[in-house]
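J.: Next comes protein.txt, compact mmCIF, C-alpha atoms:
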```
# COMPACT_ATOMS: atom_id res chain seq x y z
CA MET A 1 -1.06 17.60 -25.24
CA GLU A 2 -0.20 20.53 -22.95
CA ASN A 3 -2.81 23.19 -23.68
CA ASP A 4 -4.81 25.91 -21.99
CA THR A 5 -8.14 24.10 -22.01
CA TYR A 6 -10.02 25.44 -18.98
CA ASN A 7 -11.44 22.83 -16.56
CA SER A 8 -11.26 20.08 -19.18
CA PHE A 9 -12.78 16.76 -18.09
CA THR A 10 -10.48 14.77 -20.39
CA LEU A 11 -6.88 14.44 -19.27
CA LEU A 12 -3.80 12.80 -20.74
CA LEU A 13 -1.57 10.49 -18.70
CA GLU A 14 2.13 10.64 -19.46
CA GLY A 15 2.53 7.00 -18.51
CA LEU A 16 5.84 5.19 -18.20
CA ASN A 17 8.63 6.20 -20.55
CA VAL A 18 9.93 2.83 -21.69
CA SER A 19 11.64 1.91 -24.94
CA GLU A 20 9.81 -0.14 -27.55
CA GLU A 21 12.00 -3.18 -26.80
CA SER A 22 11.25 -2.91 -23.06
CA THR A 23 7.47 -2.51 -23.39
CA TYR A 24 6.54 -6.20 -23.31
CA PRO A 25 9.05 -7.25 -20.60
CA VAL A 26 7.76 -4.40 -18.38
CA PHE A 27 4.18 -5.34 -19.23
CA LEU A 28 4.76 -8.99 -18.29
CA PHE A 29 6.54 -8.02 -15.07
CA PHE A 30 3.62 -5.86 -13.90
CA PHE A 31 1.03 -8.37 -15.13
CA PHE A 32 2.48 -11.36 -13.26
CA SER A 33 3.19 -9.20 -10.20
CA TYR A 34 -0.45 -8.12 -10.14
CA LEU A 35 -1.64 -11.71 -10.69
CA PHE A 36 0.47 -12.89 -7.76
CA ILE A 37 -0.80 -10.07 -5.53
CA ILE A 38 -4.44 -10.92 -6.24
CA VAL A 39 -4.09 -14.71 -5.87
CA ALA A 40 -1.89 -14.61 -2.75
CA ASN A 41 -3.85 -11.92 -0.90
CA VAL A 42 -7.29 -13.33 -1.74
CA GLY A 43 -6.06 -16.80 -0.77
CA ILE A 44 -4.74 -15.67 2.61
CA ALA A 45 -7.88 -13.62 3.40
CA VAL A 46 -10.12 -16.61 2.54
CA LEU A 47 -7.95 -18.95 4.63
CA VAL A 48 -8.07 -16.66 7.69
CA PHE A 49 -11.86 -16.39 7.52
CA LYS A 50 -12.38 -20.12 6.89
CA ASP A 51 -9.88 -21.54 9.39
CA LYS A 52 -11.20 -21.07 12.94
CA SER A 53 -7.71 -21.52 14.40
CA LEU A 54 -6.77 -18.23 12.70
CA HIS A 55 -9.70 -16.29 14.18
CA GLN A 56 -7.27 -14.39 16.41
CA PRO A 57 -6.94 -10.59 16.70
CA MET A 58 -3.51 -10.61 15.06
CA TYR A 59 -4.75 -12.37 11.92
CA LEU A 60 -8.06 -10.50 11.80
CA LEU A 61 -6.18 -7.19 11.92
CA PHE A 62 -3.73 -8.49 9.34
CA CYS A 63 -6.64 -9.14 6.94
CA ASN A 64 -6.85 -5.36 6.50
CA LEU A 65 -3.55 -5.50 4.62
CA PRO A 66 -4.63 -8.01 1.91
CA PHE A 67 -7.83 -6.06 1.31
CA ASN A 68 -5.88 -2.80 1.14
CA ASP A 69 -3.26 -4.32 -1.21
CA ILE A 70 -5.93 -5.66 -3.55
CA LEU A 71 -7.79 -2.34 -3.61
CA GLY A 72 -4.66 -0.22 -4.09
CA ASN A 73 -3.24 -2.34 -6.91
CA SER A 74 -6.53 -3.06 -8.71
CA ILE A 75 -7.24 0.63 -9.29
CA LEU A 76 -3.71 1.24 -10.58
CA VAL A 77 -2.05 -1.74 -12.29
CA PRO A 78 -4.75 -2.78 -14.84
CA ARG A 79 -4.95 0.81 -16.12
CA LEU A 80 -1.15 0.97 -16.28
CA LEU A 81 -0.99 -2.27 -18.28
CA ILE A 82 -3.49 -0.91 -20.82
CA ASP A 83 -1.58 2.37 -21.15
CA LEU A 84 1.70 0.53 -21.75
CA LEU A 85 0.24 -0.92 -24.95
CA ARG A 86 -1.21 2.41 -26.10
CA PRO A 87 0.55 5.19 -28.00
CA PRO A 88 1.31 8.16 -25.69
CA SER A 89 -1.31 10.32 -27.43
CA GLU A 90 -4.09 7.82 -26.61
CA ARG A 91 -3.56 7.53 -22.86
CA LEU A 92 -6.66 9.55 -22.06
CA ILE A 93 -8.43 9.47 -18.70
CA SER A 94 -11.54 11.27 -17.47
CA TYR A 95 -11.13 13.79 -14.65
CA TYR A 96 -13.45 11.80 -12.35
CA GLU A 97 -11.57 8.55 -12.96
CA CYS A 98 -8.34 10.42 -12.28
CA VAL A 99 -9.63 11.75 -8.94
CA LEU A 100 -10.84 8.25 -7.99
CA GLN A 101 -7.43 6.79 -8.86
CA ALA A 102 -5.68 9.47 -6.80
CA PHE A 103 -8.01 8.91 -3.83
CA THR A 104 -7.48 5.13 -3.91
CA SER A 105 -3.72 5.48 -4.32
CA HIS A 106 -3.42 7.77 -1.28
CA MET A 107 -5.85 5.63 0.72
CA PHE A 108 -3.62 2.63 0.00
CA GLY A 109 -0.48 4.34 1.29
CA THR A 110 -2.11 6.01 4.31
CA ASN A 111 -4.12 2.96 5.31
CA THR A 112 -1.05 0.74 5.22
CA TYR A 113 0.59 2.90 7.87
CA THR A 114 -2.53 3.13 10.06
CA VAL A 115 -3.14 -0.64 9.86
CA LEU A 116 0.48 -1.36 10.79
CA MET A 117 0.04 1.01 13.75
CA ILE A 118 -2.94 -0.91 15.14
CA MET A 119 -1.08 -4.17 14.55
CA ALA A 120 1.81 -2.76 16.61
CA PHE A 121 -0.67 -2.04 19.42
CA ASP A 122 -1.92 -5.64 19.23
CA ARG A 123 1.65 -6.97 19.57
CA TYR A 124 2.28 -4.62 22.50
CA VAL A 125 -0.75 -5.89 24.41
CA ALA A 126 0.02 -9.54 23.57
CA ILE A 127 3.62 -9.39 24.84
CA CYS A 128 3.59 -6.68 27.52
CA ASN A 129 0.18 -7.49 29.01
CA PRO A 130 -0.45 -11.15 28.11
CA LEU A 131 -2.81 -11.77 31.05
CA HIS A 132 -5.12 -8.98 29.88
CA TYR A 133 -4.81 -9.77 26.16
CA ALA A 134 -8.06 -11.77 25.86
CA SER A 135 -10.08 -9.16 27.76
CA THR A 136 -8.51 -6.24 25.87
CA MET A 137 -8.37 -7.54 22.29
CA THR A 138 -12.00 -8.60 22.01
CA ASN A 139 -13.88 -8.75 18.71
CA LYS A 140 -15.35 -5.36 19.56
CA MET A 141 -11.87 -3.88 20.05
CA VAL A 142 -10.66 -5.43 16.79
CA MET A 143 -13.61 -3.80 15.01
CA LYS A 144 -12.92 -0.44 16.68
CA LEU A 145 -9.25 -0.54 15.69
CA THR A 146 -10.11 -1.50 12.10
CA VAL A 147 -12.71 1.26 11.74
CA SER A 148 -10.28 3.76 13.29
CA ALA A 149 -7.48 2.80 10.87
CA TRP A 150 -9.70 3.15 7.79
CA GLY A 151 -11.59 6.15 9.17
CA VAL A 152 -8.48 8.21 9.92
CA ALA A 153 -7.06 7.41 6.46
CA PHE A 154 -10.38 8.31 4.80
CA VAL A 155 -10.61 11.69 6.55
CA LEU A 156 -6.96 12.64 5.92
CA VAL A 157 -7.08 11.68 2.24
CA GLY A 158 -10.57 13.17 1.82
CA ILE A 159 -9.32 16.58 2.98
CA LEU A 160 -6.21 16.22 0.79
CA LEU A 161 -8.25 15.58 -2.37
CA GLY A 162 -11.00 18.00 -1.33
CA LEU A 163 -8.51 20.87 -1.31
CA THR A 164 -7.38 19.84 -4.80
CA ILE A 165 -10.71 19.40 -6.59
CA ARG A 166 -11.76 22.94 -5.60
CA LEU A 167 -9.03 24.31 -7.88
CA ASN A 168 -9.63 25.39 -11.48
CA ARG A 169 -7.62 23.53 -14.10
CA CYS A 170 -5.81 25.15 -17.02
CA ARG A 171 -3.72 22.16 -18.11
CA THR A 172 -4.54 18.61 -19.19
CA MET A 173 -1.28 16.66 -18.95
CA ILE A 174 -0.79 14.38 -15.91
CA MET A 175 3.00 14.18 -15.57
CA ASN A 176 2.91 10.75 -13.94
CA PRO A 177 2.15 7.09 -14.81
CA TYR A 178 -1.03 7.38 -12.72
CA CYS A 179 -3.07 10.10 -11.01
CA ASP A 180 -2.12 11.30 -7.55
CA ASN A 181 -2.86 14.44 -5.59
CA ALA A 182 0.27 16.33 -6.63
CA SER A 183 -0.17 15.59 -10.34
CA ILE A 184 -3.79 16.81 -10.21
CA PHE A 185 -3.19 20.10 -8.40
CA LYS A 186 -0.28 20.80 -10.78
CA LEU A 187 -2.94 21.09 -13.50
CA SER A 188 -4.16 24.27 -11.81
CA CYS A 189 -3.07 27.84 -12.40
CA ASP A 190 -4.57 28.89 -9.03
CA ASN A 191 -2.59 29.46 -5.85
CA VAL A 192 -1.76 26.02 -4.38
CA PHE A 193 -0.07 27.26 -1.20
CA ILE A 194 -2.73 25.67 1.04
CA ASN A 195 -2.39 22.37 -0.84
CA ASN A 196 1.38 22.35 -0.33
CA VAL A 197 1.08 23.20 3.38
CA TYR A 198 -1.56 20.54 4.04
CA GLY A 199 0.30 17.95 1.93
CA LEU A 200 3.51 18.55 3.89
CA THR A 201 1.65 18.50 7.22
CA PHE A 202 -0.17 15.32 6.18
CA THR A 203 3.12 13.56 5.35
CA VAL A 204 4.91 14.72 8.51
CA VAL A 205 2.02 13.78 10.82
CA LEU A 206 1.58 10.35 9.21
CA PHE A 207 5.29 9.49 9.30
CA THR A 208 5.77 10.87 12.82
CA ALA A 209 2.73 9.05 14.20
CA SER A 210 3.60 5.72 12.56
CA ILE A 211 7.31 5.81 13.38
CA GLY A 212 6.62 7.10 16.91
CA THR A 213 4.04 4.37 17.58
CA THR A 214 6.32 1.65 16.23
CA VAL A 215 9.40 2.85 18.14
CA LEU A 216 7.44 3.25 21.40
CA THR A 217 5.75 -0.15 21.26
CA TYR A 218 8.89 -2.02 20.18
CA THR A 219 10.99 -0.30 22.83
CA LYS A 220 8.58 -1.48 25.51
CA ILE A 221 8.45 -4.97 23.98
CA THR A 222 12.27 -5.10 23.94
CA VAL A 223 12.46 -4.03 27.60
CA VAL A 224 9.94 -6.73 28.58
CA CYS A 225 11.87 -9.40 26.65
CA LEU A 226 15.23 -8.36 28.14
CA THR A 227 13.89 -8.42 31.70
CA SER A 228 11.95 -11.64 31.22
CA LYS A 229 13.50 -15.05 31.72
CA SER A 230 10.70 -16.76 29.80
CA LYS A 231 12.06 -18.36 26.65
CA SER A 232 8.55 -18.93 25.29
CA LEU A 233 7.75 -15.20 25.65
CA ASN A 234 10.97 -14.18 23.89
CA SER A 235 10.35 -16.73 21.14
CA LYS A 236 6.78 -15.49 20.66
CA ALA A 237 7.97 -11.86 20.53
CA LEU A 238 10.66 -12.66 17.97
CA LYS A 239 8.28 -14.68 15.82
CA THR A 240 5.37 -12.25 15.69
CA CYS A 241 7.16 -8.90 15.93
CA SER A 242 9.85 -9.61 13.34
CA THR A 243 7.29 -10.13 10.57
CA HIS A 244 5.39 -6.97 11.50
CA LEU A 245 8.63 -4.98 11.68
CA VAL A 246 9.81 -6.23 8.28
CA ALA A 247 6.46 -5.28 6.69
CA TYR A 248 6.64 -1.84 8.29
CA LEU A 249 10.26 -1.18 7.25
CA ILE A 250 9.51 -2.18 3.65
CA MET A 251 6.72 0.41 3.53
CA VAL A 252 8.76 3.16 5.22
CA PHE A 253 11.86 2.71 3.06
CA ASN A 254 9.72 2.54 -0.08
CA GLY A 255 8.05 5.84 0.81
CA MET A 256 11.27 7.57 1.86
CA PHE A 257 13.08 6.45 -1.29
CA ILE A 258 10.40 8.02 -3.50
CA ILE A 259 10.53 11.26 -1.47
CA PHE A 260 14.34 11.21 -1.81
CA LEU A 261 14.13 10.82 -5.61
CA HIS A 262 11.87 13.91 -5.78
CA ARG A 263 15.00 15.91 -4.93
CA PHE A 264 16.69 14.83 -8.16
CA PRO A 265 14.77 15.84 -11.33
CA GLN A 266 17.26 13.96 -13.50
CA TYR A 267 15.93 10.70 -12.01
CA THR A 268 12.26 11.44 -12.74
CA ASP A 269 11.77 8.23 -14.73
CA TYR A 270 13.22 6.15 -11.88
CA ARG A 271 10.94 7.92 -9.38
CA LYS A 272 7.89 7.13 -11.53
CA PHE A 273 8.89 3.47 -11.78
CA PHE A 274 9.48 3.19 -8.02
CA SER A 275 6.19 4.94 -7.28
CA ILE A 276 4.49 1.97 -8.95
CA LEU A 277 6.68 -0.47 -7.02
CA PHE A 278 5.49 1.35 -3.86
CA HIS A 279 2.15 -0.37 -4.50
CA ILE A 280 3.44 -3.67 -5.88
CA ILE A 281 6.27 -4.56 -3.45
CA PRO A 282 4.25 -4.46 -0.18
CA GLY A 283 1.30 -6.18 -1.87
CA GLY A 284 3.54 -8.99 -3.08
CA LEU A 285 5.72 -9.35 0.02
CA ASN A 286 3.09 -9.11 2.78
CA PRO A 287 1.56 -12.54 2.00
CA ILE A 288 5.05 -14.06 1.89
CA ILE A 289 6.23 -12.42 5.12
CA TYR A 290 3.14 -13.44 7.11
CA GLY A 291 3.02 -16.79 5.35
CA VAL A 292 6.48 -17.60 6.68
CA GLN A 293 5.30 -16.83 10.22
CA SER A 294 2.12 -18.93 10.17
CA LYS A 295 2.34 -22.68 9.67
CA GLU A 296 -1.28 -22.75 8.44
CA ILE A 297 -0.75 -19.95 5.94
CA ARG A 298 2.58 -21.45 4.84
CA LYS A 299 0.90 -24.79 4.20
CA PHE A 300 -1.88 -23.09 2.23
CA LEU A 301 0.52 -21.13 -0.01
CA SER A 302 2.63 -24.22 -0.72
CA LYS A 303 -0.50 -26.09 -1.84
CA LEU A 304 -1.62 -23.12 -3.92
CA PHE A 305 1.55 -22.79 -5.97
CA GLU A 306 2.89 -26.35 -6.06
CA THR A 307 2.96 -28.05 -9.45
CA LYS A 308 0.14 -30.53 -9.90
CA LYS A 309 1.24 -34.01 -10.86
CA ILE A 310 -0.23 -35.36 -14.07
CA LEU A 311 -2.12 -38.57 -13.43
CA PRO A 312 -1.18 -41.40 -15.81
CA VAL A 313 -3.85 -42.38 -18.28
CA LYS A 314 -5.18 -45.87 -17.60
```
Give the structure from this file in structure tokens form.
T.:
Amino acid sequence: MENDTYNSFTLLLEGLNVSEESTYPVFLFFFFSYLFIIVANVGIAVLVFKDKSLHQPMYLLFCNLPFNDILGNSILVPRLLIDLLRPPSERLISYYECVLQAFTSHMFGTNTYTVLMIMAFDRYVAICNPLHYASTMTNKMVMKLTVSAWGVAFVLVGILLGLTIRLNRCRTMIMNPYCDNASIFKLSCDNVFINNVYGLTFTVVLFTASIGTTVLTYTKITVVCLTSKSKSLNSKALKTCSTHLVAYLIMVFNGMFIIFLHRFPQYTDYRKFFSILFHIIPGGLNPIIYGVQSKEIRKFLSKLFETKKILPVK
């Protein structure tokens, strides 16, 4: 359905190219992955807000991740599941829904990095300035950091999509399983030089800021731990920082792998599949990673997924 319809408000998603035999296994994989993401993330968020012992800056900042994971996957996976069961010619999507999907998808990715950055700051204050932690990481500071993380992501993504929706469209085929900024501006026959420049700048600034923040904070934390003779401090640093670092590395390597696959057109189908995993993997692993760290969260997850014993009938 590649045609010259000008500024059409009905688009066609290419979807995932899977064989007929693989359709249902892929469908079930994404369905149960999405189900796990929703149950685990909602469960952890509810537990943090209900359990007063978890009303600490670290956990309150972490709650941004479950909300972000739920939002990012809910706008993408259900639509993908429906399209998997549809013939390719019936995978239609309205232009406005496509823009919303692209905005949410980019907000998910950007916000994950900004949230992990403010969590790195929290760990830095907790380990490098423990005596000032309570006075620094107040509820007001937690709110400021949260608003900053979401606000920066909103502005960056808003400009990204704003530059795209100004373009006229002369094509209707979205060459992707879901809508993102690149797939939308590729519908245009206008000059997209500004879009490419801003998109590259956006990516470089986000990666540089997140990697720089993480390297700087963890370098200082490492120096403090190496010069400190306190075993409790070192144990605390290892326990809290390792989980944050694992979550961050998963996100970075996911993003870099997709960028790497862009260099090889022959692996387009693999890139499309991994672009979906970019949403699913962090959303599924974050509850597990932080659940392992927290005894309360670990206990909650074990109760949530344990098999209920059938009571004998009297």
J.: A:Ser89, A:Asn286, A:Ser22, A:Thr203: which is nearest Ile37 (chain A), counting all atoms listed in the file?
T.: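 Ranking A:Ser89, A:Asn286, A:Ser22, A:Thr203 by distance to Ile37 (chain A), first place goes to A:Asn286.
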J.: CA of Phe193 (chain A) to CA of Phe9 (chain A): how many Å, to one decimal?
T.: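 Computed distance, CA of Phe193 (chain A) to CA of Phe9 (chain A), equals 23.6 Å.
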J.: So which residues touch Asn68 (chain A) within 8 Å, counting all atoms listed in the file, skipping near sequence neighbours fewer than 2 positions away, as a list of chain:residue names?
T.: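 The filter keeps A:Asn64, A:Leu65, A:Pro66, A:Ile70, A:Leu71, A:Gly72, A:Phe108, A:Asn111, A:Thr112.
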J.: Figure out the distance between CA of Ile250 (chain A) and CA of Phe49 (chain A), please, to one decimal in Å.
T.: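 If I compute the distance from CA of Phe49 (chain A) to CA of Ile250 (chain A), I get 26.0 Å.
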J.: When distances are computed from all atoms listed in the file, which of A:Gln101, A:Thr214, A:Ser74, A:Thr164 shows the smallest separation from Tyr198 (chain A)?
T.: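 The shortest atom-to-atom distance to Tyr198 (chain A) comes from A:Thr164.
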J.: Interatomic distance between CA of Leu35 (chain A) and CA of Thr104 (chain A)?
T.: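 If I compute the distance from CA of Leu35 (chain A) to CA of Thr104 (chain A), I get 19.1 Å.
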J.: Which one is closest to Phe27 (chain A): A:Ala247, A:Arg79, A:Leu47, A:Leu84? Count all atoms listed in the file.
T.: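 Of the candidates, the smallest distance to Phe27 (chain A) is held by A:Leu84.
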J.: Check the smallest atom-to-atom distance from each of A:Gly284, A:Pro25, A:Pro57, A:Gly255 to Met141 (chain A) using all atoms listed in the file, then report the winner.
T.: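 Selected residue with least distance to Met141 (chain A): A:Pro57.
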J.: Which one is closest to Val152 (chain A): A:Ile38, A:Met117, A:Val204, A:Leu28? Count all atoms listed in the file.
T.: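 For Val152 (chain A), the nearest of the given residues is A:Met117.
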J.: I want to know what sits within 7 Å of Asn168 (chain A), based on only C-alpha atoms, with residues of the same chain fewer than 6 positions away left out; could you give that as a PyMOL selection string?
T.: chain A and resi 7+188+190
J.: Which one of A:Ile184, A:Ala40, A:Ala126, A:Ala120 sits closest to Tyr96 (chain A) if you count all atoms listed in the file?
T.: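 Looking only at the distances to Tyr96 (chain A), the closest residue turns out to be A:Ile184.
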J.: Any idea what's packed within 6 Å of region 173-175 of chain A, counting all atoms listed in the file, ignoring anything in its chain fewer than 6 positions away? Could you give it as an NGL selection string?
T.: :A and (2 or 12-14 or 183)
J.: Any idea what's packed within 12 Å of Ile259 (chain A), counting all atoms listed in the file, ignoring anything in its chain fewer than 4 positions away? Could you give it as number ranges by chain?
T.: A: 200, 203-204, 252-255, 263-265, 267-268, 270-272, 274-275, 278
J.: Would you list the contacts of Ala149 (chain A) as number ranges by chain, taking every protein, DNA or RNA residue within 8 Å and counting all atoms listed in the file, but skipping same-chain residues closer than 4 positions in sequence?
T.: A: 111, 114-115, 118, 145, 153
